[in-house]
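Shown next: work17.csv, containing CSV, C-alpha atoms.
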```csv
chain,number,residue,atom,x,y,z
A,1252,TRP,CA,99.7,129.3,101.0
A,1253,SER,CA,96.2,130.5,101.7
A,1254,VAL,CA,93.2,129.5,103.7
A,1255,HIS,CA,89.7,129.6,102.1
A,1256,ALA,CA,86.5,129.4,104.2
A,1257,SER,CA,83.3,128.2,102.4
A,1258,ARG,CA,79.7,127.9,103.5
A,1259,GLU,CA,79.0,125.4,100.7
A,1260,PRO,CA,77.8,121.9,101.7
A,1261,ASP,CA,80.6,119.4,101.5
A,1262,GLY,CA,79.1,116.3,103.1
A,1263,HIS,CA,80.7,116.9,106.6
A,1264,SER,CA,78.6,117.0,109.7
A,1265,PHE,CA,80.7,119.7,111.4
A,1266,ARG,CA,81.3,123.3,110.5
A,1267,PRO,CA,84.0,124.3,110.7
A,1268,SER,CA,85.4,120.9,110.0
A,1269,VAL,CA,88.6,119.6,111.4
A,1270,ASP,CA,88.4,116.7,108.9
A,1271,VAL,CA,88.4,119.1,106.0
A,1272,LEU,CA,91.3,121.2,107.6
A,1273,TYR,CA,93.5,118.1,108.3
A,1274,SER,CA,92.8,116.5,104.9
A,1275,SER,CA,93.7,119.7,103.0
A,1276,ALA,CA,96.8,120.2,105.2
A,1277,ALA,CA,97.8,116.6,104.4
A,1278,GLU,CA,97.3,117.3,100.7
A,1279,ALA,CA,99.3,120.6,100.8
A,1280,CYS,CA,102.1,119.7,103.2
A,1281,GLY,CA,102.1,116.0,103.8
A,1282,ARG,CA,104.3,114.8,106.7
A,1283,ARG,CA,105.4,118.4,107.4
A,1284,VAL,CA,102.1,119.0,109.3
A,1285,LEU,CA,102.0,118.8,113.1
A,1286,ALA,CA,98.4,118.1,114.0
A,1287,ILE,CA,97.1,118.8,117.5
A,1288,ILE,CA,93.6,117.6,118.5
A,1289,LEU,CA,92.1,119.1,121.6
A,1290,THR,CA,89.0,118.7,123.7
A,1291,GLY,CA,85.7,118.6,121.7
A,1292,ILE,CA,82.5,116.7,121.1
A,1293,GLY,CA,82.2,114.0,118.6
A,1294,ASP,CA,84.7,112.5,116.2
A,1295,ASP,CA,85.5,115.4,113.9
A,1296,GLY,CA,89.1,115.2,113.0
A,1297,LEU,CA,89.3,111.4,112.9
A,1298,GLU,CA,89.1,110.9,109.1
A,1299,GLY,CA,91.5,113.9,108.5
A,1300,ALA,CA,93.9,112.4,111.1
A,1301,ARG,CA,93.8,109.1,109.1
A,1302,VAL,CA,94.9,111.0,106.0
A,1303,LEU,CA,97.7,112.8,108.0
A,1304,HIS,CA,98.8,109.6,109.6
A,1305,GLU,CA,99.1,107.9,106.1
A,1306,LYS,CA,101.3,110.8,105.1
A,1307,GLY,CA,103.5,110.3,108.2
A,1308,ALA,CA,102.5,113.5,110.0
A,1309,PRO,CA,102.7,113.5,113.8
A,1310,ILE,CA,99.5,113.9,115.7
A,1311,LEU,CA,99.3,115.1,119.3
A,1312,ALA,CA,96.1,114.3,121.2
A,1313,GLN,CA,95.0,115.9,124.4
A,1314,ARG,CA,95.0,113.5,127.4
A,1315,GLU,CA,91.6,112.5,128.8
A,1316,ASP,CA,92.2,113.8,132.3
A,1317,THR,CA,92.7,117.4,131.0
A,1318,CYS,CA,89.7,117.4,128.5
A,1319,VAL,CA,86.4,119.1,129.2
A,1320,VAL,CA,84.9,116.7,126.6
A,1321,TYR,CA,87.0,113.7,125.5
A,1322,GLY,CA,85.3,113.1,122.2
A,1323,MET,CA,87.7,114.3,119.5
A,1324,PRO,CA,91.0,113.2,121.1
A,1325,LYS,CA,89.4,109.9,122.2
A,1326,ALA,CA,88.4,109.0,118.6
A,1327,VAL,CA,91.9,109.7,117.3
A,1328,THR,CA,93.6,107.9,120.2
A,1329,ARG,CA,91.3,104.8,120.0
A,1330,ALA,CA,92.0,104.6,116.2
A,1331,GLY,CA,95.7,104.4,117.0
A,1332,LEU,CA,96.5,107.6,115.2
A,1333,ALA,CA,98.0,109.7,118.0
A,1334,THR,CA,101.7,109.9,118.1
A,1335,ALA,CA,101.5,111.1,121.7
A,1336,ARG,CA,98.9,111.9,124.3
A,1337,LEU,CA,99.8,115.1,126.2
A,1338,THR,CA,98.4,117.7,128.5
A,1339,PRO,CA,98.0,121.2,126.9
A,1340,LEU,CA,101.0,122.4,128.9
A,1341,ASP,CA,103.2,119.5,127.7
A,1342,MET,CA,102.1,120.4,124.1
A,1343,VAL,CA,103.3,123.9,124.6
A,1344,ALA,CA,106.6,122.7,125.9
A,1345,SER,CA,107.0,120.3,122.9
A,1346,LEU,CA,106.2,123.1,120.5
A,1347,ARG,CA,108.8,125.3,122.1
A,1348,SER,CA,111.4,122.6,121.8
A,1349,ILE,CA,110.6,122.0,118.2
A,1350,ALA,CA,110.8,125.7,117.5
A,1351,LYS,CA,114.2,126.0,119.2
A,1352,SER,CA,115.6,123.1,117.3
A,1353,GLN,CA,114.4,124.5,113.9
A,1354,ALA,CA,115.8,127.9,114.7
A,1355,ALA,CA,119.3,126.5,115.4
```

When written as structure tokens, how does the structure in this file appear?
Amino acid sequence: WSVHASREPDGHSFRPSVDVLYSSAAEACGRRVLAIILTGIGDDGLEGARVLHEKGAPILAQREDTCVVYGMPKAVTRAGLATARLTPLDMVASLRSIAKSQAA
């Protein structure tokens, strides 16, 4: 696998674009992706999260009370795409648990 960054126009408002990242991850890996959407302005990530959700990928969204700006996680949560809403520390604990279970 590889990552390619481009400066070409692609019709997205945000650069870099979480929508582009999530959509390409969904295409390449499907439900094996674990998406994490953290504090940020706007709704970048919403459309990509829809694609991931359709593939069955889990999506963790940062809880409002821990965000500096609740735009991006709010858009995903309001659309009903978030598998869970967690604090950043709870996300780290979840990732550690997942890593331990996969290593066993």

Show me as JSON, numbers by chain the residues that reach within 9 Å of (95.8, 121.5, 124.2), counting all atoms listed in the file and using the file's own coordinates.
{"A": [1287, 1288, 1289, 1290, 1311, 1312, 1313, 1314, 1317, 1318, 1337, 1338, 1339, 1340, 1341, 1342, 1343]}

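For the choices A:Val1271, A:Ala1355, A:Ala1256, A:Ala1350, the atom-to-atom distance to A:Leu1297 is smallest for A:Val1271 when using only C-alpha atoms.
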
Between A:Ala1335, A:Val1302, A:Ile1292, A:Ile1349, which one has atoms that come closest to A:Val1319, using all atoms listed in the file?
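Closest residue, counting all atoms listed in the file: A:Ile1292.
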
Find, counting all atoms listed in the file, the residue in A:Arg1336, A:Arg1329, A:Lys1306, A:Arg1347 that gets nearest to A:Cys1280.
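Nearest candidate to A:Cys1280 out of A:Arg1336, A:Arg1329, A:Lys1306, A:Arg1347: A:Lys1306.
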
Atom CA of A:Ala1354 and atom CA of A:Ser1253 are how many Å apart?
23.7 Å
